[in-house]
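Text of start16.txt, listed as compact mmCIF, C-alpha atoms:
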```
# COMPACT_ATOMS: atom_id res chain seq x y z
CA MET A 1331 102.41 150.38 13.99
CA VAL A 1332 99.26 151.93 12.53
CA SER A 1333 99.32 154.55 9.76
CA PHE A 1334 96.62 156.92 8.56
CA VAL A 1335 97.05 158.20 5.01
CA LEU A 1336 95.41 161.64 4.91
CA ASP A 1337 94.98 163.92 1.93
CA VAL A 1338 94.12 167.61 1.88
CA GLU A 1339 90.38 166.93 2.10
CA ASP A 1340 90.88 164.64 5.11
CA LEU A 1341 92.80 167.34 6.93
CA ALA A 1342 90.09 169.85 6.03
CA ASP A 1343 87.55 167.49 7.59
CA ALA A 1344 89.63 166.77 10.71
CA ARG A 1345 87.68 167.54 13.85
CA PHE A 1346 87.85 167.21 17.63
CA ALA A 1347 85.27 165.70 19.95
CA VAL A 1348 84.93 164.65 23.58
CA SER A 1349 83.52 161.24 24.36
CA PRO A 1350 82.25 160.35 27.83
CA LEU A 1351 81.83 156.74 26.71
CA GLN A 1352 85.42 156.50 25.51
CA GLU A 1353 86.67 157.92 28.81
CA ALA A 1354 84.62 155.38 30.76
CA VAL A 1355 85.89 152.50 28.62
CA LEU A 1356 89.54 153.62 28.75
CA SER A 1357 89.30 154.06 32.53
CA LEU A 1358 88.69 150.33 32.84
CA ARG A 1359 92.36 149.78 32.01
CA VAL A 1360 93.36 151.91 34.99
CA LEU A 1361 91.22 149.70 37.24
CA ARG A 1362 92.81 146.60 35.70
CA ASP A 1363 96.41 147.84 35.89
CA PRO A 1364 97.04 150.45 38.61
CA GLY A 1365 100.61 150.92 37.40
CA LEU A 1366 99.42 152.10 34.00
CA HIS A 1367 98.85 155.70 35.05
CA ALA A 1368 100.00 156.62 38.55
CA LEU A 1369 98.29 160.01 38.29
CA HIS A 1370 94.91 158.27 38.53
CA LEU A 1371 95.55 156.23 41.68
CA LEU A 1372 93.45 158.58 43.82
CA TRP A 1373 90.53 158.28 41.39
CA ARG A 1374 91.01 154.50 41.16
CA ARG A 1375 90.93 154.05 44.93
CA SER A 1376 87.72 156.05 45.16
CA ALA A 1377 86.09 154.32 42.17
CA LEU A 1378 86.74 150.83 43.57
CA THR A 1379 84.77 151.68 46.71
CA ARG A 1380 81.75 152.74 44.62
CA LEU A 1381 81.32 149.82 42.25
CA GLY A 1382 78.73 148.02 44.38
CA ASP A 1383 76.52 145.92 42.09
CA VAL A 1384 78.44 146.80 38.92
CA ASP A 1385 79.37 143.62 37.03
CA SER A 1386 83.10 144.25 37.31
CA ALA A 1387 84.04 140.76 36.17
CA LEU A 1388 82.21 141.26 32.87
CA LEU A 1389 83.82 144.67 32.31
CA MET A 1390 87.32 143.38 33.11
CA SER A 1391 86.84 140.47 30.69
CA LEU A 1392 86.56 143.00 27.85
CA ILE A 1393 90.21 144.04 28.25
CA GLY A 1394 92.73 142.09 26.22
CA ARG A 1395 96.02 140.69 27.53
CA ARG A 1396 97.85 143.69 26.00
CA LEU A 1397 95.19 146.06 27.39
CA ALA A 1398 93.42 146.43 24.05
CA LEU A 1399 89.70 147.25 24.10
CA PRO A 1400 86.99 146.28 21.58
CA ASP A 1401 86.38 148.96 18.95
CA PHE A 1402 82.60 148.56 19.10
CA LEU A 1403 82.68 150.03 22.63
CA THR A 1404 84.19 153.30 21.38
CA PRO A 1405 82.17 154.36 18.32
CA PRO A 1406 83.07 157.72 16.75
CA PRO A 1407 81.08 160.47 18.51
CA ALA A 1408 78.35 161.79 16.23
CA ALA A 1409 78.51 165.23 17.86
CA PHE A 1410 81.12 167.41 19.50
CA ALA A 1411 80.11 166.34 23.01
CA PRO A 1412 77.44 163.60 22.92
CA ALA A 1413 75.62 162.39 26.01
CA PHE A 1414 76.87 159.12 27.45
CA GLU A 1415 73.48 157.47 26.95
CA ASP A 1416 73.40 158.47 23.27
CA GLU A 1417 76.80 156.89 22.68
CA LEU A 1418 75.69 153.78 24.55
CA ASP A 1419 72.67 153.45 22.24
CA VAL A 1420 75.10 153.19 19.32
CA VAL A 1421 76.92 150.36 21.11
CA ARG A 1422 73.63 148.53 21.70
CA ARG A 1423 73.00 148.57 17.96
CA SER A 1424 76.36 147.00 17.11
CA ARG A 1425 76.12 144.17 14.59
CA PRO A 1426 76.79 140.71 16.07
CA ASP A 1427 79.54 140.00 13.54
CA VAL A 1428 81.33 143.22 14.58
CA VAL A 1429 81.05 142.30 18.28
CA ARG A 1430 82.51 138.85 17.56
CA ARG A 1431 85.31 140.34 15.45
CA ASP A 1432 86.29 142.93 18.03
CA LEU A 1433 86.20 140.60 21.04
CA ALA A 1434 88.27 138.02 19.18
CA GLY A 1435 90.69 140.70 18.00
CA VAL A 1436 91.54 142.15 21.40
CA HIS A 1437 92.11 138.70 22.95
CA ALA A 1438 94.05 137.22 20.04
CA PRO A 1439 96.00 135.00 19.78
CA GLY A 1440 94.34 133.44 22.80
CA PRO A 1441 90.64 132.62 23.24
CA VAL A 1442 88.08 135.07 24.61
CA PRO A 1443 87.52 134.80 28.38
CA GLU A 1444 85.01 132.34 29.77
CA ALA A 1445 82.60 135.16 30.66
CA LEU A 1446 82.26 135.97 26.95
CA ARG A 1447 82.88 132.64 25.25
CA ALA A 1448 79.42 131.09 25.32
CA ALA A 1449 77.70 134.18 23.99
CA VAL A 1450 80.28 134.90 21.30
CA SER A 1451 80.23 131.32 20.02
CA GLY A 1452 76.43 131.26 20.03
CA ASP A 1453 73.86 132.69 17.66
CA ASP A 1454 73.15 136.36 17.01
CA ALA A 1455 70.57 136.48 19.80
CA SER A 1456 73.23 135.35 22.31
CA VAL A 1457 75.58 138.09 21.12
CA ALA A 1458 72.77 140.65 21.41
CA ARG A 1459 72.09 139.58 25.01
CA LEU A 1460 75.79 139.88 25.79
CA GLY A 1461 75.82 143.36 24.26
CA ASP A 1462 72.88 144.42 26.43
CA ALA A 1463 74.62 143.05 29.54
CA ILE A 1464 77.80 144.94 28.67
CA CYS A 1465 75.86 148.18 28.11
CA ASP A 1466 73.97 147.79 31.38
CA ALA A 1467 77.24 147.24 33.26
CA LEU A 1468 78.85 150.24 31.55
CA LEU A 1469 75.92 152.49 32.43
CA ARG A 1470 76.10 151.54 36.11
CA TYR A 1471 79.86 151.96 36.04
CA TRP A 1472 79.62 155.39 34.40
CA ARG A 1473 77.16 156.65 36.99
CA VAL A 1474 79.20 155.68 40.03
CA ALA A 1475 82.81 155.95 38.83
CA VAL A 1476 83.09 158.53 36.04
CA GLU A 1477 80.01 160.76 35.89
CA PRO A 1478 80.70 162.38 39.30
CA VAL A 1479 84.05 163.66 37.99
CA TRP A 1480 83.01 164.30 34.39
CA PRO A 1481 82.53 168.11 34.76
CA GLN A 1482 86.15 168.70 35.80
CA MET A 1483 87.38 166.12 33.29
CA ARG A 1484 85.56 167.90 30.49
CA LEU A 1485 87.19 171.22 31.42
CA VAL A 1486 90.63 169.63 31.04
CA LEU A 1487 89.66 167.98 27.74
CA GLU A 1488 88.25 171.19 26.25
CA ALA A 1489 91.32 173.15 27.35
CA ASP A 1490 93.46 170.68 25.44
CA MET A 1491 91.33 171.04 22.32
CA THR A 1492 91.65 174.82 22.48
CA TYR A 1493 95.43 174.47 22.64
CA ARG A 1494 95.48 171.99 19.73
CA ALA A 1495 93.23 174.14 17.57
CA ARG A 1496 95.61 177.05 18.07
CA ARG A 1497 98.56 174.86 17.07
CA LEU A 1498 96.73 173.80 13.92
CA ALA A 1499 95.93 177.41 13.03
CA MET A 1500 99.52 178.52 13.57
CA GLY A 1501 101.42 175.72 11.84
CA GLY A 1502 99.12 173.21 10.20
CA ALA A 1503 99.19 169.45 10.74
CA ARG A 1504 102.94 169.32 11.37
CA LEU A 1505 102.69 171.64 14.38
CA LEU A 1506 99.46 170.02 15.56
CA PHE A 1507 101.03 166.56 15.89
CA SER A 1508 104.56 167.60 16.84
CA ASP A 1509 104.00 167.64 20.62
CA MET A 1510 100.91 165.44 20.90
CA HIS A 1511 102.89 162.34 21.89
CA PRO A 1512 106.34 160.82 21.15
CA ASP A 1513 104.65 157.82 19.47
CA LEU A 1514 103.11 160.05 16.77
CA ARG A 1515 104.91 161.05 13.56
CA TRP A 1516 103.57 163.19 10.73
CA ARG A 1517 105.36 163.07 7.41
CA ASP A 1518 104.32 163.40 3.76
CA GLY A 1519 100.60 163.14 4.48
CA VAL A 1520 100.90 160.05 6.69
CA LEU A 1521 100.22 160.01 10.43
CA THR A 1522 102.07 157.07 11.99
CA ILE A 1523 101.31 155.72 15.46
CA ASP A 1524 104.01 153.50 16.99
CA ARG A 1525 103.59 150.80 19.65
CA THR A 1526 100.03 149.92 18.69
CA ILE A 1527 98.00 146.73 18.98
CA GLY A 1528 98.27 145.30 15.47
CA GLU A 1529 99.83 146.73 12.31
CA HIS A 1530 97.88 148.17 9.40
CA ARG A 1531 97.68 151.13 7.05
CA VAL A 1532 94.37 152.94 6.65
CA VAL A 1533 93.69 155.20 3.68
CA SER A 1534 91.18 157.77 4.84
CA SER A 1535 89.75 158.38 1.35
CA GLY A 1536 87.72 161.42 2.33
CA ARG A 1537 86.58 160.17 5.74
CA GLY A 1538 88.59 162.79 7.59
CA LEU A 1539 90.26 162.28 10.96
CA LEU A 1540 88.57 162.37 14.34
CA LEU A 1541 90.78 163.42 17.28
CA ILE A 1542 89.58 162.69 20.82
CA PRO A 1543 91.62 163.93 23.77
CA SER A 1544 91.52 161.56 26.71
CA VAL A 1545 92.28 161.78 30.39
CA PHE A 1546 92.70 158.01 30.73
CA ALA A 1547 94.69 157.24 27.56
CA HIS A 1548 98.34 156.64 28.48
CA ARG A 1549 99.42 156.74 24.83
CA PRO A 1550 97.73 157.30 21.42
CA ALA A 1551 95.02 154.71 20.80
CA PRO A 1552 93.74 154.18 17.23
CA PRO A 1553 91.09 151.54 16.48
CA VAL A 1554 92.34 147.95 16.67
CA SER A 1555 90.58 147.00 13.42
CA ALA A 1556 91.70 148.31 10.04
CA ASP A 1557 88.03 148.42 9.00
CA GLU A 1558 87.29 151.39 11.27
CA PRO A 1559 87.54 155.01 10.01
CA PRO A 1560 90.56 157.07 11.10
CA LEU A 1561 90.13 157.96 14.77
CA LEU A 1562 92.72 158.72 17.40
CA ALA A 1563 92.29 159.00 21.14
CA TYR A 1564 95.36 160.69 22.55
CA PRO A 1565 96.55 161.70 26.04
CA CYS A 1566 95.49 165.25 26.75
CA ARG A 1567 97.56 167.88 28.48
CA ALA A 1568 97.36 168.92 32.15
CA VAL A 1569 96.04 165.60 33.46
CA ALA A 1570 98.24 166.09 36.53
CA THR A 1571 96.03 169.02 37.57
CA LEU A 1572 92.82 167.00 37.49
CA TRP A 1573 92.94 165.36 40.91
CA ALA A 1574 94.94 168.10 42.66
CA PRO A 1575 93.28 169.14 45.93
CA ALA A 1576 91.40 172.41 45.84
CA PRO A 1577 93.45 175.32 47.21
CA ALA A 1578 92.66 176.47 50.72
CA PRO A 1579 90.18 179.33 50.61
CA ASP A 1580 91.32 182.84 51.44
CA VAL A 1581 89.27 183.77 54.50
CA THR A 1582 89.60 187.45 53.74
CA ALA A 1583 88.35 187.20 50.15
CA LEU A 1584 84.64 187.00 51.04
CA GLY A 1585 84.77 190.29 52.89
CA ALA A 1586 86.44 191.94 49.93
CA LEU A 1587 83.73 190.56 47.64
CA VAL A 1588 80.53 191.35 49.52
CA GLY A 1589 81.74 193.64 52.31
CA GLU A 1590 82.67 192.57 55.83
CA PRO A 1591 79.20 193.16 57.40
CA LYS A 1592 77.53 190.82 54.89
CA ALA A 1593 80.40 188.32 55.21
CA ARG A 1594 79.91 188.17 59.00
CA LEU A 1595 76.19 187.59 58.47
CA LEU A 1596 76.83 184.72 56.07
CA ARG A 1597 79.25 183.04 58.48
CA LEU A 1598 76.63 183.11 61.24
CA LEU A 1599 73.93 181.43 59.20
CA ASP A 1600 74.92 177.79 59.73
CA GLU A 1601 71.47 177.42 61.32
CA PRO A 1602 68.19 179.28 60.75
CA LEU A 1603 68.17 182.59 62.62
CA ALA A 1604 65.79 185.52 62.82
CA THR A 1605 66.72 189.12 62.19
CA VAL A 1606 66.54 190.08 65.87
CA GLU A 1607 68.85 187.22 66.91
CA LEU A 1608 71.35 188.16 64.22
CA ALA A 1609 71.27 191.81 65.28
CA HIS A 1610 71.88 190.76 68.90
CA ARG A 1611 74.88 188.62 67.97
CA LEU A 1612 76.38 191.28 65.73
CA ARG A 1613 75.50 194.13 68.12
CA VAL A 1614 73.88 196.19 65.39
CA THR A 1615 70.33 197.34 64.76
CA PRO A 1616 67.73 194.95 63.25
CA SER A 1617 67.17 197.43 60.42
CA ALA A 1618 70.85 197.22 59.43
CA VAL A 1619 70.65 193.41 59.44
CA SER A 1620 67.45 193.48 57.38
CA GLN A 1621 69.09 195.64 54.75
CA HIS A 1622 72.04 193.25 54.37
CA LEU A 1623 69.79 190.17 54.39
CA ARG A 1624 67.67 191.65 51.63
CA VAL A 1625 70.76 192.02 49.42
CA LEU A 1626 72.07 188.53 50.27
CA HIS A 1627 68.70 186.96 49.59
CA GLY A 1628 68.41 188.76 46.27
CA ALA A 1629 71.84 187.39 45.29
CA GLY A 1630 70.82 183.83 46.21
CA LEU A 1631 73.28 183.56 49.09
CA VAL A 1632 70.64 183.05 51.81
CA SER A 1633 67.23 181.43 51.87
CA ARG A 1634 64.33 182.36 54.13
CA ALA A 1635 61.24 180.69 55.55
CA ARG A 1636 58.44 181.93 57.82
CA GLN A 1637 57.98 180.30 61.22
CA GLY A 1638 54.94 181.79 62.94
CA ARG A 1639 55.55 185.51 63.17
CA ARG A 1640 59.27 185.22 62.52
CA VAL A 1641 61.20 184.97 59.29
CA LEU A 1642 64.21 182.68 59.60
CA TYR A 1643 67.26 183.04 57.37
CA ARG A 1644 69.85 180.41 56.50
CA ARG A 1645 72.80 180.25 54.17
CA SER A 1646 72.01 178.76 50.74
CA PRO A 1647 74.24 176.15 49.03
CA LEU A 1648 75.83 178.99 47.05
CA GLY A 1649 76.44 180.84 50.29
CA ASP A 1650 78.04 177.68 51.70
CA GLN A 1651 80.48 177.60 48.83
CA LEU A 1652 81.42 181.25 49.21
CA THR A 1653 82.05 180.87 52.93
CA ALA A 1654 84.07 177.67 52.44
CA HIS A 1655 81.60 175.69 54.53
CA LYS A 1656 81.77 172.99 51.88
CA GLY A 1657 84.92 170.95 52.15
CA ALA A 1658 87.55 170.28 49.51
CA ARG A 1659 86.56 168.14 46.58
CA LEU A 1660 86.45 164.48 47.50
CA PRO A 1661 88.07 161.81 45.33
CA GLY A 1662 85.39 161.09 42.79
CA GLY A 1663 84.40 164.73 42.43
CA GLU A 1664 82.08 165.13 45.41
CA ALA A 1665 82.18 168.10 47.70
CA GLY A 1666 80.30 168.90 50.84
CA SER A 1667 80.29 169.85 54.45
CA ASP A 1668 80.78 167.20 57.12
CA LYS A 1669 77.02 167.08 57.65
CA GLU A 1670 76.42 166.62 53.93
CA LYS A 1671 79.03 163.85 53.67
CA ALA A 1672 77.42 162.05 56.60
CA ARG A 1673 73.99 162.37 54.99
CA ARG A 1674 75.27 160.84 51.73
CA ALA A 1675 76.92 157.97 53.64
CA ALA A 1676 73.80 157.15 55.69
CA PRO A 1677 71.85 154.03 54.61
CA GLY A 1678 68.77 154.77 52.51
```

Write the structure described by the file as structure tokens, please.
Amino acid sequence: MVSFVLDVEDLADARFAVSPLQEAVLSLRVLRDPGLHALHLLWRRSALTRLGDVDSALLMSLIGRRLALPDFLTPPPAAFAPAFEDELDVVRRSRPDVVRRDLAGVHAPGPVPEALRAAVSGDDASVARLGDAICDALLRYWRVAVEPVWPQMRLVLEADMTYRARRLAMGGARLLFSDMHPDLRWRDGVLTIDRTIGEHRVVSSGRGLLLIPSVFAHRPAPPVSADEPPLLAYPCRAVATLWAPAPAPDVTALGALVGEPKARLLRLLDEPLATVELAHRLRVTPSAVSQHLRVLHGAGLVSRARQGRRVLYRRSPLGDQLTAHKGARLPGGEAGSDKEKARRAAPG
């Protein structure tokens, strides 16, 4: 059990933040234990196929037997939504004694894994080299496993923060924490977190409280060390919606949006076509086609290029999306037509 003792000033300084680094680090536990969060199995299956040259063994060695993670890998975000690389720079600057403390703490009472042992038991330079290797592995991992799905993850995280802020405004701290998680209890100025790694009581003493909603946290996760300032990553709401397949598009909606003549034009433009060819296929006059193409081009739905005396038109990426010629979101956050998927899968 971990407790945060918070006074009025601490509550006044309580804030929310999103942390791409924390999400990447917490997601490692889902890779390690697929039963931890069944909702993420689709993401996990996709992520495992993308790891490539990521040093997975090094990353997995960071996770303790009870699935604890070193605190130095999840520093408090300095801004509301910092860039992943900025957070990683903070990790690179971690003091060697803090790295040793945190790695020993998450693996206690046993020894640290072999992949970490030599560096941790060595001098400060060895610990610094280990830290660089960990950061390099995390950066590669972020780019292939988490960054592709970060935009939709961030939408879910920010929706949760909006909900929590409203709860705080309506009923103060008691209402804010009442439905955050069953392991959380707020009473008499003390926030208690049950079922934690380690037991300690932290007096905030004016340091406030940082709340970080998380897609990958399966229960509230305070720092392992009592030396860290009050911080709580907690499971956010609506995670079940994150990997839901995109709804099938309504084929009639495009016509209602842009008008049926323009919608028919857009559907024809899978390949570059000239005005005369389009007019022939639609059995209308070239002038009518030109008028519609001018509007569609101005809206960014078609692109055009000159070929000799002809001007060829083709649907733009935005036009592809509107006509549902890009497929449903792939696991991992990608989307694309069959041609686009094949291009991404091709060597080189």

How many Å lie between CA of Arg1515 in chain A and CA of Gly1538 in chain A, rounded to one decimal?
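About the pair CA of Arg1515 in chain A and CA of Gly1538 in chain A: they are 17.5 Å apart.
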
Compare A:Val1545, A:Met1500, A:Leu1372, A:Leu1623 by their minimum atom-to-atom distance to Leu1603 in chain A, counting only C-alpha atoms, and give me the closest one.
A:Leu1623

Residues within 10 Å of Ser1386 in chain A, please, as a VMD selection string. Count all atoms listed in the file; anything in the same chain fewer than 6 positions from it doesn't count.
chain A and resid 1358 1361 1378 1467 to 1468 1471

Enumerate, in order of chain and increasing residue number, the residues of range 1543-1622 of chain A with an atom no farther than 10 Å from range 1333-1342 of chain A, each with its shortest atom pair and distance in Å to one decimal, counting all atoms listed in the file, as a tab-separated table.
```
residue	atom	partner	partner_atom	distance
A:Pro1552	CA	A:Ser1333	CA	9.3
A:Ala1556	CA	A:Ser1333	CA	9.9
A:Pro1559	CA	A:Phe1334	CA	9.4
A:Pro1560	CA	A:Phe1334	CA	6.6
A:Leu1561	CA	A:Phe1334	CA	9.0
A:Leu1562	CA	A:Phe1334	CA	9.8
```

For the selection you just gave me, I'd like the residues written to a file as a PDB file, in the frame of the given file, keeping C-alpha atoms.
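Below you can see result_5.pdb, which holds the result:
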```
ATOM      1  CA  PRO A1552      93.740 154.180  17.230  1.00  0.00           C
ATOM      2  CA  ALA A1556      91.700 148.310  10.040  1.00  0.00           C
ATOM      3  CA  PRO A1559      87.540 155.010  10.010  1.00  0.00           C
ATOM      4  CA  PRO A1560      90.560 157.070  11.100  1.00  0.00           C
ATOM      5  CA  LEU A1561      90.130 157.960  14.770  1.00  0.00           C
ATOM      6  CA  LEU A1562      92.720 158.720  17.400  1.00  0.00           C
TER       7      LEU A1562
END
```

Just checking: using all atoms listed in the file, which residue out of A:Ala1354, A:Leu1599, A:Ala1344, A:Cys1566 ends up closest to Val1476 in chain A?
A:Ala1354

Distance of CA of Val1632 in chain A from CA of Val1619 in chain A, expressed in Å to one decimal place:
12.9 Å

Set the distance at 8 Å and use only C-alpha atoms: which residues neighbour Leu1584 in chain A once local chain neighbours fewer than 6 positions away are removed? I'd like the list as a list in words.
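Here the qualifying residues turn out to be Glu1590, Ala1593, Leu1652 and Thr1653 of chain A.
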
Next, write the just-selected residues to a file, as a PDB file, in the coordinates of the input, keeping C-alpha atoms as the atom set.
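Written output follows (again_35.pdb):
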```pdb
ATOM      1  CA  GLU A1590      82.670 192.570  55.830  1.00  0.00           C
ATOM      2  CA  ALA A1593      80.400 188.320  55.210  1.00  0.00           C
ATOM      3  CA  LEU A1652      81.420 181.250  49.210  1.00  0.00           C
ATOM      4  CA  THR A1653      82.050 180.870  52.930  1.00  0.00           C
TER       5      THR A1653
END
```

All residues 8 Å or closer to range 1392-1404 of chain A, all atoms listed in the file, same chain fewer than 6 positions away omitted, as a ChimeraX atom specification:
/A:1351-1352,1355-1356,1358-1359,1421,1424,1428-1429,1432-1433,1435-1438,1527,1553-1555

Min atom-atom distance to Arg1531 in chain A from the set A:Val1360, A:Val1332, A:Leu1418, A:Ala1411, counting all atoms listed in the file, belongs to A:Val1332

Of the candidates A:Arg1430, A:Trp1472, A:Val1420, A:Gly1589, which shows the shortest atom-to-atom distance to Asp1453 in chain A, using all atoms listed in the file?
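For Asp1453 in chain A, the nearest of the candidates is A:Arg1430.
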
When you look at range 1481-1484 of chain A with a cut-off of 12 Å (counting all atoms listed in the file), what residues show up, excluding the ones that are within fewer than 6 positions of it in the same chain? I need them as a ChimeraX atom specification.
/A:1347-1350,1353-1354,1373,1410-1412,1490-1491,1542-1546,1566-1574,1576,1659,1661-1664

Quick one: pull the distance between CA of Pro1550 in chain A and CA of Tyr1564 in chain A, Å, one decimal.
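CA of Pro1550 in chain A sits 4.3 Å away from CA of Tyr1564 in chain A.
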
All residues 7 Å or closer to Arg1380 in chain A, only C-alpha atoms, same chain fewer than 2 positions away omitted, as a PDB file with C-alpha atoms, in the coordinates of the input:
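Saved file out.pdb follows:
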```pdb
ATOM      1  CA  SER A1376      87.720 156.050  45.160  1.00  0.00           C
ATOM      2  CA  ALA A1377      86.090 154.320  42.170  1.00  0.00           C
ATOM      3  CA  LEU A1378      86.740 150.830  43.570  1.00  0.00           C
ATOM      4  CA  GLY A1382      78.730 148.020  44.380  1.00  0.00           C
ATOM      5  CA  VAL A1474      79.200 155.680  40.030  1.00  0.00           C
ATOM      6  CA  ALA A1475      82.810 155.950  38.830  1.00  0.00           C
TER       7      ALA A1475
END
```

Compare A:Gly1365, A:Asp1600, A:Leu1389, A:Leu1498 by their minimum atom-to-atom distance to Phe1346 in chain A, counting only C-alpha atoms, and give me the closest one.
A:Leu1498

Hey, which of A:Arg1611, A:Val1533, A:Ser1391, A:Asp1462 ends up closest to Pro1441 in chain A? Count all atoms listed in the file.
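Answer, going by the shortest atom-to-atom distance: A:Ser1391.
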
Limit the output to C-alpha atoms and give range 1482-1541 of chain A as an mmCIF file, in the first residue's frame.
```cif
data_model
loop_
_atom_site.group_PDB
_atom_site.id
_atom_site.type_symbol
_atom_site.label_atom_id
_atom_site.label_comp_id
_atom_site.auth_asym_id
_atom_site.auth_seq_id
_atom_site.Cartn_x
_atom_site.Cartn_y
_atom_site.Cartn_z
ATOM 1 C CA GLN A 1482 -5.912 7.670 -31.339
ATOM 2 C CA MET A 1483 -4.459 6.830 -27.923
ATOM 3 C CA ARG A 1484 -4.063 10.513 -27.130
ATOM 4 C CA LEU A 1485 -7.708 11.184 -28.022
ATOM 5 C CA VAL A 1486 -8.813 8.580 -25.470
ATOM 6 C CA LEU A 1487 -6.421 9.953 -22.832
ATOM 7 C CA GLU A 1488 -7.546 13.554 -23.306
ATOM 8 C CA ALA A 1489 -11.211 12.519 -23.195
ATOM 9 C CA ASP A 1490 -10.549 10.921 -19.825
ATOM 10 C CA MET A 1491 -8.866 14.063 -18.514
ATOM 11 C CA THR A 1492 -11.839 16.163 -19.601
ATOM 12 C CA TYR A 1493 -14.146 13.842 -17.670
ATOM 13 C CA ARG A 1494 -11.905 13.922 -14.571
ATOM 14 C CA ALA A 1495 -11.597 17.701 -14.630
ATOM 15 C CA ARG A 1496 -15.378 17.967 -14.668
ATOM 16 C CA ARG A 1497 -15.617 15.599 -11.692
ATOM 17 C CA LEU A 1498 -13.097 17.702 -9.791
ATOM 18 C CA ALA A 1499 -15.022 20.893 -10.550
ATOM 19 C CA MET A 1500 -18.326 19.366 -9.463
ATOM 20 C CA GLY A 1501 -17.295 17.595 -6.270
ATOM 21 C CA GLY A 1502 -13.663 18.185 -5.392
ATOM 22 C CA ALA A 1503 -11.080 15.488 -4.680
ATOM 23 C CA ARG A 1504 -13.617 13.053 -3.216
ATOM 24 C CA LEU A 1505 -15.617 12.918 -6.449
ATOM 25 C CA LEU A 1506 -12.470 12.949 -8.590
ATOM 26 C CA PHE A 1507 -11.084 9.762 -7.021
ATOM 27 C CA SER A 1508 -14.359 7.991 -6.275
ATOM 28 C CA ASP A 1509 -14.631 6.159 -9.615
ATOM 29 C CA MET A 1510 -11.012 6.266 -10.785
ATOM 30 C CA HIS A 1511 -10.266 2.710 -9.638
ATOM 31 C CA PRO A 1512 -11.362 0.352 -6.820
ATOM 32 C CA ASP A 1513 -7.787 0.331 -5.461
ATOM 33 C CA LEU A 1514 -7.925 4.084 -4.736
ATOM 34 C CA ARG A 1515 -9.321 5.578 -1.521
ATOM 35 C CA TRP A 1516 -9.500 9.247 -0.560
ATOM 36 C CA ARG A 1517 -10.071 10.113 3.065
ATOM 37 C CA ASP A 1518 -9.011 12.957 5.363
ATOM 38 C CA GLY A 1519 -6.443 14.364 2.948
ATOM 39 C CA VAL A 1520 -4.774 11.011 2.234
ATOM 40 C CA LEU A 1521 -4.903 9.216 -1.115
ATOM 41 C CA THR A 1522 -4.283 5.502 -0.541
ATOM 42 C CA ILE A 1523 -3.364 3.081 -3.330
ATOM 43 C CA ASP A 1524 -3.827 -0.610 -2.509
ATOM 44 C CA ARG A 1525 -2.036 -3.595 -4.076
ATOM 45 C CA THR A 1526 1.150 -1.700 -4.869
ATOM 46 C CA ILE A 1527 4.777 -2.777 -5.207
ATOM 47 C CA GLY A 1528 6.203 -1.812 -1.822
ATOM 48 C CA GLU A 1529 4.638 0.053 1.096
ATOM 49 C CA HIS A 1530 5.387 3.652 2.005
ATOM 50 C CA ARG A 1531 3.777 6.947 2.927
ATOM 51 C CA VAL A 1532 4.757 10.069 1.005
ATOM 52 C CA VAL A 1533 4.065 13.539 2.381
ATOM 53 C CA SER A 1534 3.702 15.824 -0.613
ATOM 54 C CA SER A 1535 4.800 18.955 1.277
ATOM 55 C CA GLY A 1536 3.799 21.378 -1.452
ATOM 56 C CA ARG A 1537 4.911 19.256 -4.411
ATOM 57 C CA GLY A 1538 1.360 18.774 -5.637
ATOM 58 C CA LEU A 1539 0.055 15.642 -7.341
ATOM 59 C CA LEU A 1540 0.568 14.662 -10.957
ATOM 60 C CA LEU A 1541 -2.154 12.472 -12.491
#
```
